[in-house]
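Have a look at work-v7.txt; it's compact mmCIF, C-alpha atoms:
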# COMPACT_ATOMS: atom_id res chain seq x y z
CA MET A 1379 13.28 -6.41 -20.42
CA SER A 1380 12.10 -6.11 -24.00
CA ASN A 1381 11.89 -2.96 -26.09
CA ARG A 1382 8.64 -1.51 -24.77
CA THR A 1383 7.44 0.91 -22.13
CA ASP A 1384 8.17 -0.59 -18.72
CA ILE A 1385 7.05 0.89 -15.41
CA VAL A 1386 9.01 -0.24 -12.37
CA THR A 1387 7.08 0.44 -9.16
CA PHE A 1388 8.51 0.72 -5.66
CA GLY A 1389 6.58 1.20 -2.45
CA CYS A 1390 2.89 1.45 -1.64
CA ARG A 1391 -0.38 0.45 -3.27
CA LEU A 1392 -0.99 4.07 -4.18
CA ASN A 1393 2.16 3.96 -6.30
CA ALA A 1394 0.81 0.81 -7.97
CA TYR A 1395 -2.39 2.67 -8.84
CA GLU A 1396 -0.48 5.68 -10.14
CA SER A 1397 1.74 3.46 -12.27
CA GLU A 1398 -1.38 2.34 -14.13
CA VAL A 1399 -2.36 5.99 -14.67
CA MET A 1400 1.11 6.60 -16.11
CA ARG A 1401 0.86 3.53 -18.31
CA GLN A 1402 -2.30 4.91 -19.90
CA HIS A 1403 -0.73 8.34 -20.41
CA ALA A 1404 2.42 6.79 -21.93
CA GLU A 1405 0.37 4.70 -24.36
CA ALA A 1406 -1.80 7.67 -25.32
CA ALA A 1407 1.36 9.73 -25.99
CA GLY A 1408 2.72 6.98 -28.23
CA LEU A 1409 5.81 6.36 -26.09
CA ASP A 1410 7.76 3.23 -26.93
CA ASP A 1411 10.95 1.71 -25.56
CA ILE A 1412 11.05 3.78 -22.38
CA ILE A 1413 11.49 2.92 -18.69
CA ILE A 1414 9.62 4.80 -15.96
CA VAL A 1415 10.78 4.26 -12.38
CA ASN A 1416 8.14 5.12 -9.77
CA THR A 1417 10.16 5.57 -6.56
CA CYS A 1418 9.36 5.37 -2.84
CA ALA A 1419 10.85 7.48 -0.04
CA VAL A 1420 9.46 5.79 3.06
CA THR A 1421 12.98 4.65 4.03
CA ALA A 1422 16.50 5.47 2.92
CA GLU A 1423 16.77 1.83 1.80
CA ALA A 1424 13.83 2.25 -0.58
CA THR A 1425 15.59 5.18 -2.25
CA ARG A 1426 18.88 3.25 -2.42
CA GLN A 1427 17.14 0.30 -4.09
CA ALA A 1428 15.61 2.60 -6.70
CA ARG A 1429 19.00 4.07 -7.59
CA GLN A 1430 20.53 0.60 -7.77
CA SER A 1431 17.70 -0.57 -10.02
CA ILE A 1432 18.18 2.42 -12.35
CA ARG A 1433 21.86 1.59 -12.81
CA ARG A 1434 21.09 -2.08 -13.50
CA MET A 1435 18.38 -1.28 -16.06
CA LYS A 1436 20.67 1.12 -17.90
CA ARG A 1437 23.26 -1.65 -18.22
CA GLU A 1438 20.58 -3.98 -19.61
CA ARG A 1439 19.05 -1.42 -21.99
CA PRO A 1440 21.73 1.23 -22.59
CA ASN A 1441 19.80 3.02 -25.35
CA THR A 1442 16.47 3.22 -23.51
CA PRO A 1443 15.52 6.53 -21.84
CA ILE A 1444 14.89 6.23 -18.08
CA ILE A 1445 12.33 8.55 -16.49
CA VAL A 1446 12.26 8.81 -12.68
CA THR A 1447 9.25 9.91 -10.64
CA GLY A 1448 7.56 9.12 -7.30
CA CYS A 1449 8.12 10.33 -3.76
CA ALA A 1450 11.93 10.09 -3.71
CA ALA A 1451 12.11 12.09 -6.95
CA GLN A 1452 9.64 14.68 -5.66
CA ILE A 1453 11.54 15.20 -2.40
CA ASP A 1454 15.03 15.24 -3.90
CA PRO A 1455 14.95 15.54 -7.71
CA LYS A 1456 18.61 16.59 -7.80
CA GLN A 1457 19.94 13.22 -6.65
CA PHE A 1458 18.28 11.57 -9.66
CA SER A 1459 18.81 14.29 -12.27
CA GLU A 1460 22.54 14.10 -11.56
CA MET A 1461 22.63 10.36 -12.30
CA PRO A 1462 24.06 9.87 -15.83
CA GLU A 1463 21.63 6.98 -16.35
CA VAL A 1464 18.54 9.21 -15.93
CA THR A 1465 16.98 11.05 -18.86
CA SER A 1466 14.25 13.02 -17.04
CA VAL A 1467 12.74 13.51 -13.59
CA ILE A 1468 9.06 14.33 -13.13
CA GLY A 1469 7.17 15.11 -9.91
CA ASN A 1470 4.29 13.32 -8.21
CA GLN A 1471 1.71 15.69 -9.64
CA GLU A 1472 3.29 15.86 -13.09
CA LYS A 1473 3.29 12.06 -13.43
CA LEU A 1474 -0.51 12.08 -13.34
CA GLU A 1475 -0.93 14.70 -16.08
CA ALA A 1476 -1.19 13.54 -19.69
CA LYS A 1477 0.68 16.59 -20.98
CA SER A 1478 3.83 15.54 -19.08
CA PHE A 1479 4.20 12.48 -21.32
CA ILE A 1480 4.19 14.25 -24.67
CA GLY A 1481 7.74 13.93 -25.98
CA LEU A 1482 8.93 12.51 -22.65
CA GLY A 1483 12.37 10.98 -22.95
CA LEU A 1484 13.09 12.54 -26.32
CA GLU A 1485 16.12 14.68 -26.96
CA GLY A 1486 15.44 18.30 -26.08
CA ALA A 1487 12.67 17.47 -23.57
CA GLU A 1488 12.73 19.26 -20.23
CA ARG A 1489 15.06 17.32 -17.91
CA VAL A 1490 13.35 18.13 -14.59
CA GLN A 1491 9.59 18.72 -14.19
CA VAL A 1492 9.02 18.91 -10.43
CA ASN A 1493 6.83 21.61 -8.91
CA ASP A 1494 5.83 22.45 -5.32
CA ILE A 1495 3.61 19.57 -4.20
CA PHE A 1496 2.10 21.73 -1.44
CA SER A 1497 0.56 23.97 -4.11
CA VAL A 1498 -1.66 21.07 -5.25
CA LYS A 1499 -5.14 21.48 -3.79
CA GLU A 1500 -7.13 18.73 -5.50
CA THR A 1501 -6.77 15.06 -6.36
CA ALA A 1502 -8.56 13.90 -9.49
CA GLY A 1503 -10.09 10.48 -9.94
CA HIS A 1504 -8.52 8.73 -12.95
CA LEU A 1505 -10.64 6.26 -14.89
CA ILE A 1506 -8.32 3.27 -15.14
CA GLU A 1507 -9.31 0.50 -17.53
CA GLY A 1508 -7.61 -2.26 -15.58
CA PHE A 1509 -4.54 -3.65 -13.88
CA GLY A 1510 -1.88 -6.06 -15.03
CA GLU A 1511 -2.80 -8.90 -12.69
CA ARG A 1512 -6.45 -8.85 -13.86
CA ALA A 1513 -7.71 -9.76 -10.40
CA ARG A 1514 -7.40 -7.06 -7.77
CA ALA A 1515 -7.85 -3.37 -8.58
CA PHE A 1516 -6.60 -0.39 -6.57
CA VAL A 1517 -8.69 2.77 -6.44
CA GLN A 1518 -7.26 6.03 -5.14
CA ILE A 1519 -9.60 7.90 -2.82
CA GLN A 1520 -7.15 10.35 -1.25
CA ASN A 1521 -3.59 11.68 -1.50
CA GLY A 1522 -1.24 13.58 0.80
CA CYS A 1523 -1.18 13.90 4.58
CA ASN A 1524 -1.85 16.73 7.04
CA HIS A 1525 -0.05 14.98 9.90
CA ARG A 1526 3.63 15.50 10.60
CA CYS A 1527 4.93 12.36 12.27
CA THR A 1528 8.49 13.06 13.34
CA PHE A 1529 10.01 10.19 11.32
CA CYS A 1530 8.15 10.72 8.05
CA VAL A 1531 9.04 12.57 4.84
CA ILE A 1532 6.01 11.42 2.87
CA PRO A 1533 4.05 14.72 3.20
CA TYR A 1534 6.97 16.38 1.38
CA GLY A 1535 6.54 13.88 -1.45
CA ARG A 1536 2.75 13.89 -1.48
CA GLY A 1537 1.66 17.29 -0.16
CA ASN A 1538 -1.31 18.01 2.10
CA SER A 1539 -4.34 15.75 2.30
CA ARG A 1540 -6.86 16.03 -0.53
CA SER A 1541 -9.71 13.71 -1.41
CA VAL A 1542 -11.27 12.38 -4.60
CA ALA A 1543 -14.98 13.21 -4.87
CA MET A 1544 -17.22 10.34 -3.77
CA GLY A 1545 -19.04 10.21 -7.12
CA GLU A 1546 -15.75 9.78 -8.98
CA VAL A 1547 -14.69 6.95 -6.65
CA VAL A 1548 -18.00 5.14 -7.13
CA ASP A 1549 -17.88 5.59 -10.93
CA GLN A 1550 -14.35 4.16 -11.02
CA ILE A 1551 -15.38 1.10 -9.01
CA LYS A 1552 -18.47 0.55 -11.19
CA ARG A 1553 -16.24 0.66 -14.25
CA LEU A 1554 -13.79 -1.88 -12.82
CA VAL A 1555 -16.55 -4.26 -11.69
CA SER A 1556 -18.10 -4.10 -15.18
CA ARG A 1557 -14.72 -5.20 -16.56
CA GLY A 1558 -14.70 -8.29 -14.33
CA TYR A 1559 -12.73 -7.25 -11.26
CA ASN A 1560 -13.88 -9.11 -8.14
CA GLU A 1561 -11.88 -7.16 -5.57
CA VAL A 1562 -11.19 -3.46 -5.10
CA VAL A 1563 -8.68 -2.00 -2.63
CA LEU A 1564 -9.19 1.59 -1.47
CA THR A 1565 -5.83 3.34 -1.38
CA GLY A 1566 -4.30 6.65 -0.37
CA VAL A 1567 -1.63 8.08 1.89
CA ASP A 1568 -3.89 8.66 4.92
CA ILE A 1569 -7.29 7.30 3.91
CA THR A 1570 -8.94 7.83 7.30
CA SER A 1571 -8.60 11.57 6.65
CA PHE A 1572 -10.76 11.14 3.54
CA GLY A 1573 -13.38 13.85 3.07
CA GLU A 1574 -11.99 16.54 5.36
CA ASP A 1575 -11.54 18.83 2.35
CA LEU A 1576 -14.79 17.94 0.55
CA PRO A 1577 -18.14 19.76 0.76
CA GLY A 1578 -20.18 18.40 3.66
CA ILE A 1579 -17.05 16.71 5.08
CA PRO A 1580 -18.02 13.09 4.32
CA THR A 1581 -15.98 10.44 6.13
CA LEU A 1582 -14.29 7.25 4.99
CA GLY A 1583 -17.13 5.32 6.62
CA ILE A 1584 -19.74 7.22 4.62
CA LEU A 1585 -17.76 6.55 1.42
CA VAL A 1586 -17.53 2.82 2.17
CA GLN A 1587 -21.26 2.62 2.91
CA LYS A 1588 -22.02 4.43 -0.36
CA ILE A 1589 -19.77 2.09 -2.37
CA LEU A 1590 -21.45 -0.99 -0.91
CA LYS A 1591 -24.92 0.43 -1.65
CA LEU A 1592 -24.27 1.80 -5.15
CA VAL A 1593 -22.05 -1.02 -6.44
CA PRO A 1594 -23.98 -4.15 -5.39
CA GLY A 1595 -22.05 -6.23 -7.92
CA LEU A 1596 -18.72 -5.70 -6.12
CA PRO A 1597 -17.94 -8.98 -4.30
CA ARG A 1598 -14.94 -7.85 -2.23
CA LEU A 1599 -13.84 -4.50 -0.84
CA ARG A 1600 -10.53 -4.12 0.97
CA ILE A 1601 -9.43 -1.14 3.00
CA SER A 1602 -5.70 -0.43 2.96
CA SER A 1603 -3.67 1.04 5.81
CA ILE A 1604 -5.85 2.90 8.32
CA ASP A 1605 -5.32 4.94 11.46
CA SER A 1606 -7.59 3.16 13.96
CA ILE A 1607 -7.97 6.23 16.20
CA GLU A 1608 -9.69 8.07 13.31
CA ILE A 1609 -12.25 5.40 12.44
CA ASP A 1610 -15.83 6.74 12.57
CA GLU A 1611 -18.95 4.77 13.47
CA PRO A 1612 -20.17 4.26 9.86
CA LEU A 1613 -16.81 2.66 9.02
CA TYR A 1614 -16.91 0.56 12.19
CA ASP A 1615 -20.42 -0.60 11.26
CA ALA A 1616 -19.25 -1.58 7.76
CA ILE A 1617 -16.19 -3.40 9.09
CA ILE A 1618 -18.18 -5.56 11.50
CA GLY A 1619 -21.47 -5.87 9.62
CA GLU A 1620 -20.71 -6.08 5.91
CA SER A 1621 -19.41 -9.43 4.65
CA ARG A 1622 -18.19 -7.78 1.43
CA VAL A 1623 -15.70 -5.75 3.49
CA MET A 1624 -12.86 -8.24 3.83
CA PRO A 1625 -11.95 -9.43 7.35
CA HIS A 1626 -8.42 -8.07 7.05
CA LEU A 1627 -7.39 -4.63 8.28
CA HIS A 1628 -3.92 -3.14 8.04
CA LEU A 1629 -3.26 -0.74 10.91
CA SER A 1630 -0.79 2.13 10.97
CA LEU A 1631 0.49 1.50 14.52
CA GLN A 1632 4.27 2.16 14.22
CA ALA A 1633 5.03 1.33 17.88
CA GLY A 1634 3.54 -0.15 21.04
CA ASP A 1635 5.10 2.13 23.66
CA ASN A 1636 3.33 5.32 24.66
CA MET A 1637 6.48 7.42 25.09
CA ILE A 1638 7.75 6.38 21.66
CA LEU A 1639 4.32 7.06 20.14
CA LYS A 1640 4.43 10.54 21.68
CA ARG A 1641 7.92 11.17 20.29
CA MET A 1642 6.73 9.94 16.91
CA LYS A 1643 3.88 12.48 17.20
CA ARG A 1644 1.31 9.76 16.63
CA ARG A 1645 -2.31 10.38 17.63
CA HIS A 1646 -3.05 7.17 19.54
CA LEU A 1647 -1.87 5.30 22.63
CA ARG A 1648 -1.14 1.58 22.81
CA GLU A 1649 -4.35 1.20 24.82
CA ASP A 1650 -6.33 2.70 21.92
CA ALA A 1651 -4.93 0.09 19.52
CA ILE A 1652 -5.70 -2.79 21.88
CA GLU A 1653 -9.22 -1.52 22.56
CA PHE A 1654 -9.97 -1.16 18.84
CA CYS A 1655 -8.76 -4.66 17.95
CA GLN A 1656 -10.63 -6.23 20.85
CA ARG A 1657 -13.82 -4.36 19.97
CA VAL A 1658 -13.73 -5.41 16.32
CA SER A 1659 -12.73 -9.01 17.05
CA LYS A 1660 -15.55 -9.41 19.56
CA ALA A 1661 -18.05 -8.38 16.89
CA ARG A 1662 -16.32 -10.15 14.00
CA PRO A 1663 -14.10 -12.98 15.28
CA GLU A 1664 -12.66 -13.85 11.87
CA MET A 1665 -10.99 -10.43 11.56
CA VAL A 1666 -7.23 -10.52 10.90
CA TYR A 1667 -4.93 -7.55 11.48
CA GLY A 1668 -1.75 -6.41 9.82
CA ALA A 1669 0.34 -3.50 11.06
CA ASP A 1670 3.32 -1.28 10.37
CA ILE A 1671 5.88 -1.30 13.19
CA ILE A 1672 9.18 0.59 13.37
CA ALA A 1673 12.05 -1.01 15.29
CA GLY A 1674 14.72 1.07 16.99
CA PHE A 1675 13.13 4.50 16.82
CA PRO A 1676 15.41 7.13 18.47
CA THR A 1677 15.50 6.88 22.30
CA GLU A 1678 13.82 3.44 22.24
CA THR A 1679 15.02 1.39 25.23
CA GLU A 1680 14.74 -2.36 25.52
CA ALA A 1681 11.71 -1.94 27.80
CA MET A 1682 10.04 0.34 25.25
CA PHE A 1683 10.75 -2.16 22.51
CA GLU A 1684 9.25 -4.95 24.61
CA ASN A 1685 5.99 -2.99 24.65
CA SER A 1686 5.95 -3.08 20.84
CA LEU A 1687 6.73 -6.79 20.91
CA LYS A 1688 3.92 -7.46 23.39
CA LEU A 1689 1.46 -5.48 21.25
CA ILE A 1690 1.67 -8.18 18.58
CA GLU A 1691 -0.11 -10.66 20.85
CA GLU A 1692 -2.26 -8.09 22.63
CA CYS A 1693 -3.74 -6.95 19.29
CA ASP A 1694 -3.41 -10.41 17.70
CA LEU A 1695 -1.44 -8.90 14.81
CA THR A 1696 -0.56 -11.22 11.94
CA TRP A 1697 0.62 -9.60 8.72
CA LEU A 1698 3.44 -7.31 9.87
CA HIS A 1699 5.38 -4.73 7.89
CA VAL A 1700 8.48 -4.24 10.03
CA PHE A 1701 10.94 -1.42 9.35
CA PRO A 1702 14.21 -0.82 11.16
CA TYR A 1703 14.16 2.93 11.83
CA SER A 1704 15.73 4.88 8.97
CA GLU A 1705 16.93 8.48 9.37
CA ARG A 1706 15.33 10.83 6.89
CA GLU A 1707 17.12 14.14 6.48
CA GLY A 1708 15.10 17.14 7.65
CA THR A 1709 12.77 15.23 9.98
CA PRO A 1710 12.65 15.94 13.75
CA ALA A 1711 13.40 12.29 14.57
CA ALA A 1712 16.71 12.49 12.71
CA ARG A 1713 17.89 14.96 15.39
CA MET A 1714 16.90 12.71 18.31
CA PRO A 1715 19.40 10.41 20.10
CA ALA A 1716 19.81 7.43 17.79
CA VAL A 1717 19.64 3.72 18.58
CA GLU A 1718 22.60 1.77 17.18
CA LYS A 1719 21.88 0.33 13.75
CA ALA A 1720 22.82 -3.18 14.86
CA VAL A 1721 20.23 -2.93 17.65
CA ARG A 1722 17.59 -1.69 15.22
CA LYS A 1723 18.30 -4.65 12.94
CA GLU A 1724 18.18 -7.13 15.82
CA ARG A 1725 14.89 -5.74 17.13
CA ALA A 1726 13.37 -5.80 13.65
CA ALA A 1727 14.32 -9.46 13.38
CA ARG A 1728 12.59 -10.22 16.70
CA LEU A 1729 9.44 -8.43 15.55
CA ARG A 1730 9.43 -10.36 12.27
CA ALA A 1731 9.91 -13.66 14.13
CA ALA A 1732 6.95 -12.84 16.36
CA GLY A 1733 4.90 -11.97 13.28
CA GLU A 1734 5.83 -15.25 11.59
CA LEU A 1735 4.67 -17.14 14.69
CA GLN A 1736 1.34 -15.31 14.49
CA VAL A 1737 0.98 -16.27 10.82
CA GLN A 1738 1.67 -19.89 11.72
CA ARG A 1739 -1.09 -19.73 14.36
CA LEU A 1740 -3.50 -18.25 11.79
CA PHE A 1741 -2.67 -21.05 9.36
CA ASP A 1742 -3.15 -23.67 12.08
CA ARG A 1743 -6.59 -22.26 12.91
CA ALA A 1744 -7.56 -22.19 9.23
CA ILE A 1745 -6.89 -25.88 8.48
CA GLY A 1746 -10.16 -27.54 7.51
CA LYS A 1747 -12.04 -24.27 7.05
CA THR A 1748 -13.55 -23.05 3.81
CA ALA A 1749 -12.54 -19.88 2.03
CA LYS A 1750 -13.11 -18.05 -1.23
CA VAL A 1751 -9.83 -17.52 -3.04
CA LEU A 1752 -9.30 -14.75 -5.56
CA ILE A 1753 -6.97 -16.20 -8.20
CA GLU A 1754 -4.16 -13.78 -9.09
CA ARG A 1755 -1.95 -15.88 -11.32
CA VAL A 1756 -1.73 -19.41 -12.71
CA THR A 1757 1.54 -21.14 -13.56
CA ASP A 1758 2.13 -23.13 -16.73
CA ALA A 1759 1.83 -26.25 -14.60
CA GLY A 1760 -1.73 -25.32 -13.66
CA VAL A 1761 -1.02 -24.21 -10.09
CA ALA A 1762 -3.07 -21.18 -9.15
CA HIS A 1763 -1.97 -18.60 -6.58
CA GLY A 1764 -4.35 -16.28 -4.75
CA HIS A 1765 -5.54 -14.95 -1.42
CA SER A 1766 -8.45 -15.75 0.86
CA GLU A 1767 -10.72 -13.21 2.54
CA GLN A 1768 -8.25 -13.01 5.45
CA PHE A 1769 -5.41 -12.45 2.97
CA ILE A 1770 -4.04 -15.94 3.51
CA PRO A 1771 -1.91 -16.88 0.47
CA VAL A 1772 -3.34 -20.06 -1.08
CA ILE A 1773 -2.16 -22.40 -3.83
CA ILE A 1774 -4.51 -24.76 -5.61
CA GLU A 1775 -4.47 -26.98 -8.67
CA THR A 1776 -7.35 -25.78 -10.80
CA THR A 1777 -8.39 -24.82 -14.30
CA ALA A 1778 -9.52 -21.41 -13.01
CA LYS A 1779 -7.92 -18.29 -14.47
CA ALA A 1780 -6.65 -15.05 -12.96
CA GLY A 1781 -9.56 -12.99 -11.67
CA ASP A 1782 -11.78 -15.95 -10.83
CA MET A 1783 -13.00 -16.44 -7.28
CA ILE A 1784 -13.29 -20.07 -6.22
CA PRO A 1785 -14.43 -21.85 -3.02
CA VAL A 1786 -11.85 -24.10 -1.39
CA THR A 1787 -11.14 -26.04 1.76
CA LEU A 1788 -7.83 -25.01 3.32
CA SER A 1789 -6.30 -28.44 3.72
CA MET A 1790 -2.67 -28.02 4.77
CA ILE A 1791 0.22 -25.63 5.29
CA GLU A 1792 2.78 -25.66 2.51
CA GLY A 1793 5.80 -23.38 2.88
CA GLY A 1794 4.67 -19.81 3.41
CA CYS A 1795 1.13 -20.43 2.23
CA MET A 1796 -1.76 -22.89 2.46
CA ARG A 1797 -2.94 -25.48 -0.02
CA GLY A 1798 -6.57 -25.34 -1.04
CA THR A 1799 -8.80 -28.19 -2.20
CA LEU A 1800 -11.57 -27.21 -4.59
CA LEU A 1801 -15.04 -27.46 -3.09
CA THR A 1802 -17.38 -29.40 -5.36
CA PRO A 1803 -20.96 -28.14 -5.63

Would you write the structure of this file as structure tokens?
Amino acid sequence: MSNRTDIVTFGCRLNAYESEVMRQHAEAAGLDDIIIVNTCAVTAEATRQARQSIRRMKRERPNTPIIVTGCAAQIDPKQFSEMPEVTSVIGNQEKLEAKSFIGLGLEGAERVQVNDIFSVKETAGHLIEGFGERARAFVQIQNGCNHRCTFCVIPYGRGNSRSVAMGEVVDQIKRLVSRGYNEVVLTGVDITSFGEDLPGIPTLGILVQKILKLVPGLPRLRISSIDSIEIDEPLYDAIIGESRVMPHLHLSLQAGDNMILKRMKRRHLREDAIEFCQRVSKARPEMVYGADIIAGFPTETEAMFENSLKLIEECDLTWLHVFPYSEREGTPAARMPAVEKAVRKERAARLRAAGELQVQRLFDRAIGKTAKVLIERVTDAGVAHGHSEQFIPVIIETTAKAGDMIPVTLSMIEGGCMRGTLLTP
């Protein structure tokens, strides 16, 4: 790392968005030679990695102040403020406020700025000029969560659900499109709860329809992790009928066994997930699904786990985020009879192997087909890396630059991605 402001981001796409907000605030406050660590608390491992990273960065830049924020810092600021490497800790709301960055990291500045996240009632839309990769932009539409899944601490890091006004979301997307961004990803903690706190109670589907209508110059719209049981008809209509909505949905499933789903305090059954995927795929066959799945949740038997394993084929899931269950202090699940850690790890490995097989099948089906690839980065050797509509990673030799969208034929599988051949007009 060089002597400049660096923001190290862990966790979700919402954190990536918020890191850009912080970057703007840091620049406006004139901060220089400072490190901001934006932590994640979704698992104990995520928090451990953040602490490890803080220690390593302090060894590399011993004179640089380190500021810690994010969900892990919001939930347990003490564990970071007591680290000798850390200069200051700021909360999830404070990190989005310009005033928090004035004098941040300087001697005499307040060491801990973390307030009650549940006292926050609104989420503002921040006008971000752009993102580092210059290709894909994340736009926050919602924050917080009103649900209390028994394994999850995120509401204690994010607070209750609150939405960004539709007009602010649309204005942000218009601004990004005018600056050359070809793809926007809608992000939040629980985006299918969007609008419940807004006048008129608009839904996520209504927001998506409005974006597509009012920003006709937006080529690609992606929807991040959604709860399929909460999808309304306008959103379903957009998913199956609008080509600008990408044929890739990431589902918050967590498990495929009904008893485990009940103990997780989820709101859907395995049958609901299967029915949703079948309904969408029948109307839009090119749709690809990703999903979050937890392995080894407390009380999970081998038979229960097999139901999660079978769900991968029953829903035709491809891009999996697999987590071995991780105890989070203060959650109801942490008091339930635990599955041995070795078993959790072994089951997670089996889920990942099944997911990798599904990816291989997707790649096999894609050979010879055409796709539009959004270029995200280009190496010095002229090899471009990007993703197709179905989020297939593609490499291609081209003179295109990051942010360009180019038509290719997917010609062969190469490692963990596909090679594209440029389509000539």

Which residues, written as an MDAnalysis selection string, have at least one atom at most 7 Å from A:Leu1474, with all atoms listed in the file counted and residues fewer than 3 positions away on the same chain left out?
-> chainID A and resid 1399:1400 1471

If you measure from atom CA of A:Leu1689 to atom CA of A:Glu1724, what distance in Å do you get, rounded to one decimal?
-> 17.7 Å

Nearest to A:Lys1723: which of A:Ser1789, A:Asn1521, A:Ser1704, A:Ser1397 is it, counting only C-alpha atoms?
-> A:Ser1704

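With distances taken over all atoms listed in the file, A:Ile1774 is the one residue among A:Ala1633, A:Ala1513, A:Ile1607, A:Ile1774 lying closest to A:Ala1759.
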
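When atom CA of A:Ile1414 is paired with atom CA of A:Pro1462, their separation reads 15.3 Å.
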
Which residues are near A:Ile1569? Cut-off 10 Å, all atoms listed in the file, ignore same chain within fewer than 3 positions. Put them as a PDB file with C-alpha atoms, in the frame of the given file.
ATOM      1  CA  GLN A1518      -7.260   6.030  -5.140  1.00  0.00           C
ATOM      2  CA  ILE A1519      -9.600   7.900  -2.820  1.00  0.00           C
ATOM      3  CA  GLN A1520      -7.150  10.350  -1.250  1.00  0.00           C
ATOM      4  CA  ASN A1521      -3.590  11.680  -1.500  1.00  0.00           C
ATOM      5  CA  GLY A1522      -1.240  13.580   0.800  1.00  0.00           C
ATOM      6  CA  CYS A1523      -1.180  13.900   4.580  1.00  0.00           C
ATOM      7  CA  SER A1539      -4.340  15.750   2.300  1.00  0.00           C
ATOM      8  CA  ARG A1540      -6.860  16.030  -0.530  1.00  0.00           C
ATOM      9  CA  SER A1541      -9.710  13.710  -1.410  1.00  0.00           C
ATOM     10  CA  LEU A1564      -9.190   1.590  -1.470  1.00  0.00           C
ATOM     11  CA  THR A1565      -5.830   3.340  -1.380  1.00  0.00           C
ATOM     12  CA  GLY A1566      -4.300   6.650  -0.370  1.00  0.00           C
ATOM     13  CA  PHE A1572     -10.760  11.140   3.540  1.00  0.00           C
ATOM     14  CA  GLY A1573     -13.380  13.850   3.070  1.00  0.00           C
ATOM     15  CA  THR A1581     -15.980  10.440   6.130  1.00  0.00           C
ATOM     16  CA  LEU A1582     -14.290   7.250   4.990  1.00  0.00           C
ATOM     17  CA  ILE A1601      -9.430  -1.140   3.000  1.00  0.00           C
ATOM     18  CA  SER A1602      -5.700  -0.430   2.960  1.00  0.00           C
ATOM     19  CA  SER A1603      -3.670   1.040   5.810  1.00  0.00           C
ATOM     20  CA  ILE A1604      -5.850   2.900   8.320  1.00  0.00           C
ATOM     21  CA  ASP A1605      -5.320   4.940  11.460  1.00  0.00           C
ATOM     22  CA  GLU A1608      -9.690   8.070  13.310  1.00  0.00           C
TER      23      GLU A1608
END

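Distances from A:Ser1478, A:Thr1776, A:Ser1630, A:Asn1636 to A:Glu1678 were compared using all atoms listed in the file, and the smallest one belongs to A:Asn1636.
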
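Nearest-residue note for A:Ala1749: choosing from A:Ile1784, A:Cys1530, A:Val1737, A:Ile1444, the minimum distance belongs to A:Ile1784, counting all atoms listed in the file.
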